[in-house]
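Peer 1: For reference, the structure I am asking about is given below.
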2 protein chains.
Amino acid sequence: MKVTNIQSLKNILSDKGYKLTKARENTFSALLSPEPQSMATLIAKSQDKVDRVTMYRNIDLFEKLGIVNRIYVGWKYKLELSDNFMDHHHHLSCLSCGKVIDIEDEQHINEFIKSVTDKFSFTPRHHQFEIDGFCNVCSKSKKS
Amino acid sequence: MKVTNIQSLKNILSDKGYKLTKARENTFSALLSPEPQSMATLIAKSQDKVDRVTMYRNIDLFEKLGIVNRIYVGWKYKLELSDNFMDHHHHLSCLSCGKVIDIEDEQHINEFIKSVTDKFSFTPRHHQFEIDGFCNVCSKSKKS
DNA sequence: CATCTAAATGCAACAAAGTTGCAATTACAA
DNA sequence: TTGTAATTGCAACTTTGTTGCATTTAGATG
Ligand SMILES: [Mn+2]
Ligand SMILES: [Mn+2]
Ligand SMILES: [Zn+2]
Ligand SMILES: [Zn+2]
């Protein structure tokens with residue numbers, strides 16, 4: 001499912017009967033970034049090449065095809081290219097100081113996903129697990 | 001942090017130097033619901049009592065004070081009163097048709113949370129686990 | 001490679017969501 | 001009761017996302 005270049009993008013698209021267009025190439029280029037980006041950023045980056053409306057439509061399509069993931073960072077979503085079959089974002093997020101801690105432990109999570117998706121015949125593509133609360137520093141200070 | 005009535009709301013507010021106003025009482029009343037609600041719903045429910053702008057401002061305040069949680073359901077956030085016990089939201093969300101399935105199985109998740117919050121000395125308030133993918137219906141259709 | 005057509009695009013217009021500045025009102029402490 | 005800072009409502013505005021439609025284009029076919 002990983003898209004590394006225009007050729008693999010074309011393969012995924014044509015496989016489902018979609019066309020590889022200039023707008024889609026440019027949408028893909030805008031997505032190349034080490035960090036997840038907001039829709040506004042993607043639109044700004046390619047403002048002379050891709051119409052706003054087309055950007056929305058193609059991001060929707062890419063998401064359905066598994067080319068991009070929509071993740072929530074703070075109160076807004078951001079978009080990123082899918083890397084592996086199943087991307088993950090497991091965070092502890094401090095409501096007081098905003099610190100975000102990444103969790104690596106996959107053991108329990110993977111078991112849980114398997115059991116629950118099997119139960120509902122659901123095909124998972126991506127998941128996100130966020131725990132909001134207070135970090136060790138902020139837990140000690142008086143004002144919650 | 002749990003708010004059960006107007007008096008406890010007043011306590012939390014005045015504790016931080018905020019006033020208990022009619023608009024805030026009505027904001028609180030609108031939040032009383034077994035289900036998380038969208039901002040649009042809250043605004044509609046109290047359209048004759050609280051101005052749209054005031055609703056935004058007071059929800060923001062309530063969130064900072066820990067009175068409400070903002071959670072993501074599908075692609076939109078919803079609001080709910082915080083509870084004493086840990087709030088939880090476990091969903092399967094279909095990228096194609098938008099269907100949201102609630103998961104009730106708590107077993108694996110609770111183990112996982114315990115182990116990871118202990119590890120980082122983190123005090124959890126609420127958590128959210130969302131799996132994006134395709135529901136049983138949409139998994140079968142050809143243009144996935 | 002010339003032709004054909006469904007798919008895709010851009011544009012304009014719209015709708016929904018959220019923000020800002022400010023004058024009028026209100027909570028509440030003195 | 002009064003004084004005053006906090007809060008509100010309103011109007012105007014920005015940002016974000018959607019819809020309908022005429023025009024353009026990818027790419028399949030021969
Ligand atoms: Mn992460
Ligand atoms: Mn839920
Ligand atoms: Zn913290
Ligand atoms: Zn579905």
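Identifiers in the structure tokens: chain A, B, ... in order shown; residue index from 1 per chain; ligand index from 1 in order shown.
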So that I can check the surroundings of stretch 51-56 of chain B, please list as a PyMOL selection string every protein, DNA and RNA residue that reaches within 7 Å of it, counting only C-alpha atoms (C1' of nucleotides) and ignoring chain neighbours fewer than 3 positions away.
Peer 2: (chain B and resi 27+43+47+59-60) or (chain D and resi 8-9)
Peer 1: With C-alpha atoms (C1' of nucleotides) retained, write the just-selected residues as a PDB file, in the first residue's frame.
Peer 2:
ATOM      1  CA  THR B  27     -24.378  25.709  28.345  1.00  0.00           C
ATOM      2  CA  ILE B  43     -25.983  25.562  19.661  1.00  0.00           C
ATOM      3  CA  GLN B  47     -30.525  28.816  20.394  1.00  0.00           C
ATOM      4  CA  ILE B  59     -17.196  25.416  25.697  1.00  0.00           C
ATOM      5  CA  ASP B  60     -13.574  26.470  25.316  1.00  0.00           C
TER       6      ASP B  60
ATOM      7  C1'  DT D   8     -22.625  38.719  26.613  1.00  0.00           C
ATOM      8  C1'  DG D   9     -24.905  39.534  22.035  1.00  0.00           C
TER       9       DG D   9
END
Peer 1: Check which residues fall inside 9 Å of ligand 3 when counting only C-alpha atoms (C1' of nucleotides) and all ligand atoms, and print them as a tab-separated table (two decimals) with N, CA, C and O atoms, in the first residue's frame.
Peer 2:
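Output file selection33.tsv follows:
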chain	number	residue	atom	x	y	z
A	93	SER	N	-1.04	12.45	25.94
A	93	SER	CA	-1.07	13.89	25.68
A	93	SER	C	-1.44	14.65	26.94
A	93	SER	O	-2.50	14.44	27.52
A	94	CYS	N	-0.56	15.53	27.38
A	94	CYS	CA	-0.78	16.26	28.65
A	94	CYS	C	-1.71	17.45	28.42
A	94	CYS	O	-1.42	18.33	27.61
A	95	LEU	N	-2.82	17.47	29.16
A	95	LEU	CA	-3.81	18.54	29.03
A	95	LEU	C	-3.30	19.85	29.58
A	95	LEU	O	-3.84	20.92	29.29
A	96	SER	N	-2.26	19.79	30.40
A	96	SER	CA	-1.77	21.00	31.04
A	96	SER	C	-0.64	21.66	30.25
A	96	SER	O	-0.73	22.81	29.88
A	97	CYS	N	0.42	20.92	29.97
A	97	CYS	CA	1.57	21.52	29.32
A	97	CYS	C	1.64	21.17	27.83
A	97	CYS	O	2.47	21.71	27.10
A	98	GLY	N	0.78	20.28	27.38
A	98	GLY	CA	0.74	19.96	25.95
A	98	GLY	C	1.76	18.94	25.49
A	98	GLY	O	1.81	18.59	24.31
A	99	LYS	N	2.57	18.45	26.41
A	99	LYS	CA	3.58	17.47	26.03
A	99	LYS	C	2.94	16.21	25.43
A	99	LYS	O	1.91	15.74	25.90
A	100	VAL	N	3.56	15.70	24.38
A	100	VAL	CA	3.08	14.48	23.75
A	100	VAL	C	4.14	13.40	23.86
A	100	VAL	O	5.28	13.61	23.46
A	133	GLY	N	-4.45	13.40	29.68
A	133	GLY	CA	-4.35	13.46	31.13
A	133	GLY	C	-3.22	14.39	31.52
A	133	GLY	O	-3.01	15.40	30.86
A	134	PHE	N	-2.49	14.02	32.57
A	134	PHE	CA	-1.43	14.90	33.04
A	134	PHE	C	-0.11	14.16	33.18
A	134	PHE	O	-0.06	13.07	33.76
A	135	CYS	N	0.94	14.75	32.63
A	135	CYS	CA	2.26	14.13	32.66
A	135	CYS	C	2.80	14.11	34.09
A	135	CYS	O	2.23	14.73	34.98
A	136	ASN	N	3.91	13.42	34.28
A	136	ASN	CA	4.46	13.29	35.64
A	136	ASN	C	4.77	14.64	36.28
A	136	ASN	O	4.53	14.83	37.46
A	137	VAL	N	5.25	15.59	35.47
A	137	VAL	CA	5.55	16.92	36.01
A	137	VAL	C	4.27	17.63	36.43
A	137	VAL	O	4.16	18.10	37.57
A	138	CYS	N	3.31	17.69	35.53
A	138	CYS	CA	2.07	18.44	35.78
A	138	CYS	C	1.18	17.77	36.84
A	138	CYS	O	0.39	18.45	37.50
A	139	SER	N	1.30	16.46	36.97
A	139	SER	CA	0.50	15.76	37.99
A	139	SER	C	0.85	16.25	39.38
A	139	SER	O	0.00	16.27	40.28
B	122	PHE	N	2.03	8.78	34.36
B	122	PHE	CA	1.06	9.67	33.72
B	122	PHE	C	-0.30	9.48	34.38
B	122	PHE	O	-0.70	8.35	34.68
Peer 1: Quote the spacing between atom CA of B:Leu31 and atom CA of B:Lys10 in Å to one decimal place.
Peer 2: 15.6 Å
Peer 1: Give as a list in words the residues surrounding ligand 2 up to a distance of 10 Å, considering only C-alpha atoms (C1' of nucleotides) and all ligand atoms.
Peer 2: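 Those within range of ligand 2 are Glu35, Pro36, Ile71, Tyr72, Val73, Asp87, His88, His89, His90, His91, Leu92, Val100, Ile101, Asp102, Ile103, Glu104, Gln128, Phe129 and Glu130 of chain B.
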Peer 1: For the residues selected in the previous step, produce a file with C-alpha atoms as a PDB file, in the first residue's frame.
Peer 2:
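Below is the file again.pdb, written as the result:
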ATOM      1  CA  GLU B  35     -24.182  10.802  24.288  1.00  0.00           C
ATOM      2  CA  PRO B  36     -21.426  13.151  23.154  1.00  0.00           C
ATOM      3  CA  ILE B  71     -13.545  13.593  21.410  1.00  0.00           C
ATOM      4  CA  TYR B  72     -13.367  12.585  17.775  1.00  0.00           C
ATOM      5  CA  VAL B  73     -16.094  10.452  16.304  1.00  0.00           C
ATOM      6  CA  ASP B  87     -13.958   8.401  29.935  1.00  0.00           C
ATOM      7  CA  HIS B  88     -13.417   6.106  27.024  1.00  0.00           C
ATOM      8  CA  HIS B  89     -14.257   6.040  23.361  1.00  0.00           C
ATOM      9  CA  HIS B  90     -13.426   3.060  21.228  1.00  0.00           C
ATOM     10  CA  HIS B  91     -14.594   3.185  17.655  1.00  0.00           C
ATOM     11  CA  LEU B  92     -14.346   1.482  14.335  1.00  0.00           C
ATOM     12  CA  VAL B 100     -19.140   4.330  13.318  1.00  0.00           C
ATOM     13  CA  ILE B 101     -19.188   1.172  15.415  1.00  0.00           C
ATOM     14  CA  ASP B 102     -18.775   1.416  19.181  1.00  0.00           C
ATOM     15  CA  ILE B 103     -16.596  -1.186  20.849  1.00  0.00           C
ATOM     16  CA  GLU B 104     -17.515  -2.209  24.341  1.00  0.00           C
ATOM     17  CA  GLN B 128      -9.817   7.479  22.760  1.00  0.00           C
ATOM     18  CA  PHE B 129      -9.039   4.591  20.468  1.00  0.00           C
ATOM     19  CA  GLU B 130     -10.090   4.834  16.853  1.00  0.00           C
TER      20      GLU B 130
END
Peer 1: Matching each Cα of chain A to its counterpart in chain B by order, what RMSD results from the least-squares fit?
Peer 2: 2.3 Å
Peer 1: Please return, as a VMD selection string, all residues of stretch 13-141 of chain A that DSSP assigns to alpha helix (DSSP H) on the basis of the backbone.
Peer 2: chain A and resid 13 to 15 22 to 31 39 to 45 52 to 65 107 to 119 136 to 140
Peer 1: I need the chain D residues near chain A as a VMD selection string; criterion: at most 9 Å, counting only C-alpha atoms (C1' of nucleotides).
Peer 2: chain D and resid 16 to 18 25 to 27
Peer 1: Taking 3 positions as the minimum chain separation for residues in the same chain, which residues sit within 12 Å of D:DA11 when counting only C-alpha atoms (C1' of nucleotides)? Answer as an MDAnalysis selection string.
Peer 2: (chainID B and resid 53) or (chainID C and resid 20:23)
Peer 1: The selected residues should be written to file as a CSV table (one decimal), in the first residue's frame (atoms: N, CA, C and O atoms (P, O5', C5', C4', C3', O3' and C1' of nucleotides)).
Peer 2:
chain,number,residue,atom,x,y,z
B,53,VAL,N,-21.7,32.6,19.5
B,53,VAL,CA,-20.4,33.0,19.9
B,53,VAL,C,-20.1,32.7,21.4
B,53,VAL,O,-19.0,32.1,21.7
C,20,DT,P,-9.5,35.2,16.8
C,20,DT,O5',-10.1,36.7,16.6
C,20,DT,C5',-10.2,37.2,15.3
C,20,DT,C4',-10.9,38.6,15.4
C,20,DT,C3',-10.5,39.4,16.6
C,20,DT,O3',-10.2,40.7,16.2
C,20,DT,C1',-12.9,39.3,16.3
C,21,DG,P,-9.5,41.7,17.3
C,21,DG,O5',-10.7,42.8,17.3
C,21,DG,C5',-11.3,43.2,16.1
C,21,DG,C4',-12.4,44.3,16.3
C,21,DG,C3',-12.1,45.2,17.5
C,21,DG,O3',-12.6,46.5,17.2
C,21,DG,C1',-14.1,44.0,17.9
C,22,DC,P,-12.4,47.7,18.2
C,22,DC,O5',-13.9,47.8,18.8
C,22,DC,C5',-15.0,47.8,18.0
C,22,DC,C4',-16.3,47.9,18.8
C,22,DC,C3',-16.2,48.6,20.1
C,22,DC,O3',-17.4,49.4,20.3
C,22,DC,C1',-17.0,46.5,20.5
C,23,DA,P,-17.3,50.7,21.2
C,23,DA,O5',-18.9,51.0,21.4
C,23,DA,C5',-19.8,50.6,20.4
C,23,DA,C4',-21.0,50.0,21.1
C,23,DA,C3',-21.5,50.8,22.3
C,23,DA,O3',-22.9,50.8,22.4
C,23,DA,C1',-21.0,48.6,22.9
Peer 1: How would you write, as a ChimeraX atom specification, the set of residues in stretch 17-140 of chain A that DSSP gives as strand (DSSP E or B)?
Peer 2: /A:37,68-73,76-81,87-94,100-102,123-134
Peer 1: State, in Å with one decimal place, the distance from atom CA of B:Gly17 to atom CA of B:Thr4.
Peer 2: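 Here the two named atoms are 19.8 Å from each other.
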Peer 1: With only C-alpha atoms (C1' of nucleotides) considered, list every residue of chain C at most 12 Å from chain B, as a list in words.
Peer 2: DA16, DA17, DG18, DT19, DT20, DT25, DT26, DA27, DC28 and DA29 of chain C
Peer 1: For the residues selected in the previous step, produce a file with C-alpha atoms (C1' of nucleotides) as a PDB file, in the first residue's frame.
Peer 2:
ATOM      1  C1'  DA C  16     -21.006  25.451   7.587  1.00  0.00           C
ATOM      2  C1'  DA C  17     -17.737  26.369  11.171  1.00  0.00           C
ATOM      3  C1'  DG C  18     -15.187  29.390  13.855  1.00  0.00           C
ATOM      4  C1'  DT C  19     -13.229  34.277  15.142  1.00  0.00           C
ATOM      5  C1'  DT C  20     -12.875  39.255  16.319  1.00  0.00           C
ATOM      6  C1'  DT C  25     -25.350  44.138  30.129  1.00  0.00           C
ATOM      7  C1'  DT C  26     -24.576  41.451  34.345  1.00  0.00           C
ATOM      8  C1'  DA C  27     -22.435  39.016  38.349  1.00  0.00           C
ATOM      9  C1'  DC C  28     -20.741  39.765  42.524  1.00  0.00           C
ATOM     10  C1'  DA C  29     -17.657  41.884  45.865  1.00  0.00           C
TER      11       DA C  29
END
Peer 1: Hey, can you check how far atom CA of A:Leu61 sits from atom CA of A:His127?
Peer 2: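 Taking atom CA of A:Leu61 as the start and atom CA of A:His127 as the end point, the length is 18.4 Å.
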Peer 1: Using only C-alpha atoms and all ligand atoms, I'd like a table of the residues in chain A that come within 12 Å of ligand 4; for each, show the closest atom pair and its distance in Å rounded to one decimal, ordered by chain and ascending number, as CSV.
Peer 2:
residue,atom,partner,partner_atom_place_in_ligand_line,distance
A:Lys64,CA,ligand 4,1 (Zn),10.8
A:Phe120,CA,ligand 4,1 (Zn),11.5
A:Ser121,CA,ligand 4,1 (Zn),11.0
A:Phe122,CA,ligand 4,1 (Zn),8.9
A:Thr123,CA,ligand 4,1 (Zn),9.8
A:Pro124,CA,ligand 4,1 (Zn),11.5
Peer 1: Choose the residue, out of A:Leu79, A:Val50, A:Leu65, A:Leu13, that has the smallest atom-to-atom separation from chain B; count only C-alpha atoms.
Peer 2: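 With only C-alpha atoms as the atom set, the closest residue is A:Leu65.
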Peer 1: So, counting only C-alpha atoms and all ligand atoms, which residue among A:Lys78, A:Gln107, A:Asn11, A:Ser29 is closest to ligand 1?
Peer 2: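 With only C-alpha atoms and all ligand atoms as the atom set, the closest residue is A:Lys78.
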Peer 1: Compile the contact shell of D:DG30 as a ChimeraX atom specification: residues with an atom at most 12 Å away, counting only C-alpha atoms (C1' of nucleotides), same-chain residues fewer than 2 positions apart removed.
Peer 2: /C:1-4 /D:28
Peer 1: With N, CA and C atoms (P, O5', C5', C4', C3', O3' and C1' of nucleotides) kept, could you save the residues just selected as a PDB file, in the first residue's frame?
Peer 2:
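So part.pdb came out as:
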ATOM      1  P    DC C   1       2.598   8.369 -32.877  1.00  0.00           P
ATOM      2  O5'  DC C   1       1.887   9.335 -33.908  1.00  0.00           O
ATOM      3  C5'  DC C   1       1.407   8.833 -35.148  1.00  0.00           C
ATOM      4  C4'  DC C   1      -0.107   8.991 -35.177  1.00  0.00           C
ATOM      5  C3'  DC C   1      -0.617  10.064 -34.202  1.00  0.00           C
ATOM      6  O3'  DC C   1      -1.882  10.537 -34.665  1.00  0.00           O
ATOM      7  C1'  DC C   1      -1.566   8.059 -33.633  1.00  0.00           C
ATOM      8  P    DA C   2      -2.146  11.607 -35.672  1.00  0.00           P
ATOM      9  O5'  DA C   2      -3.719  11.396 -35.830  1.00  0.00           O
ATOM     10  C5'  DA C   2      -4.193  10.278 -36.588  1.00  0.00           C
ATOM     11  C4'  DA C   2      -5.645  10.064 -36.293  1.00  0.00           C
ATOM     12  C3'  DA C   2      -6.427  11.288 -35.814  1.00  0.00           C
ATOM     13  O3'  DA C   2      -7.718  11.236 -36.433  1.00  0.00           O
ATOM     14  C1'  DA C   2      -6.458   9.621 -34.132  1.00  0.00           C
ATOM     15  P    DT C   3      -8.882  12.193 -35.983  1.00  0.00           P
ATOM     16  O5'  DT C   3      -9.710  11.248 -35.013  1.00  0.00           O
ATOM     17  C5'  DT C   3     -10.032   9.926 -35.461  1.00  0.00           C
ATOM     18  C4'  DT C   3     -10.929   9.247 -34.433  1.00  0.00           C
ATOM     19  C3'  DT C   3     -12.013  10.146 -33.842  1.00  0.00           C
ATOM     20  O3'  DT C   3     -13.229   9.402 -33.827  1.00  0.00           O
ATOM     21  C1'  DT C   3     -10.752   9.166 -32.109  1.00  0.00           C
ATOM     22  P    DC C   4     -14.592  10.011 -33.369  1.00  0.00           P
ATOM     23  O5'  DC C   4     -14.773   9.391 -31.908  1.00  0.00           O
ATOM     24  C5'  DC C   4     -14.773   7.974 -31.757  1.00  0.00           C
ATOM     25  C4'  DC C   4     -14.918   7.644 -30.280  1.00  0.00           C
ATOM     26  C3'  DC C   4     -16.023   8.416 -29.574  1.00  0.00           C
ATOM     27  O3'  DC C   4     -16.857   7.468 -28.915  1.00  0.00           O
ATOM     28  C1'  DC C   4     -13.963   8.647 -28.386  1.00  0.00           C
TER      29       DC C   4
ATOM     30  P    DA D  28      -5.658   2.416 -20.052  1.00  0.00           P
ATOM     31  O5'  DA D  28      -6.913   1.632 -20.660  1.00  0.00           O
ATOM     32  C5'  DA D  28      -8.223   2.135 -20.427  1.00  0.00           C
ATOM     33  C4'  DA D  28      -9.075   1.992 -21.676  1.00  0.00           C
ATOM     34  C3'  DA D  28      -8.726   0.762 -22.534  1.00  0.00           C
ATOM     35  O3'  DA D  28      -9.935   0.107 -22.880  1.00  0.00           O
ATOM     36  C1'  DA D  28      -8.646   2.751 -23.852  1.00  0.00           C
TER      37       DA D  28
END
Peer 1: Give the answer as one residue: which of B:Glu25, B:Ser33, B:Asn5, B:Ile12 has the shortest atom-to-atom distance to chain A, using only C-alpha atoms?
Peer 2: B:Ile12
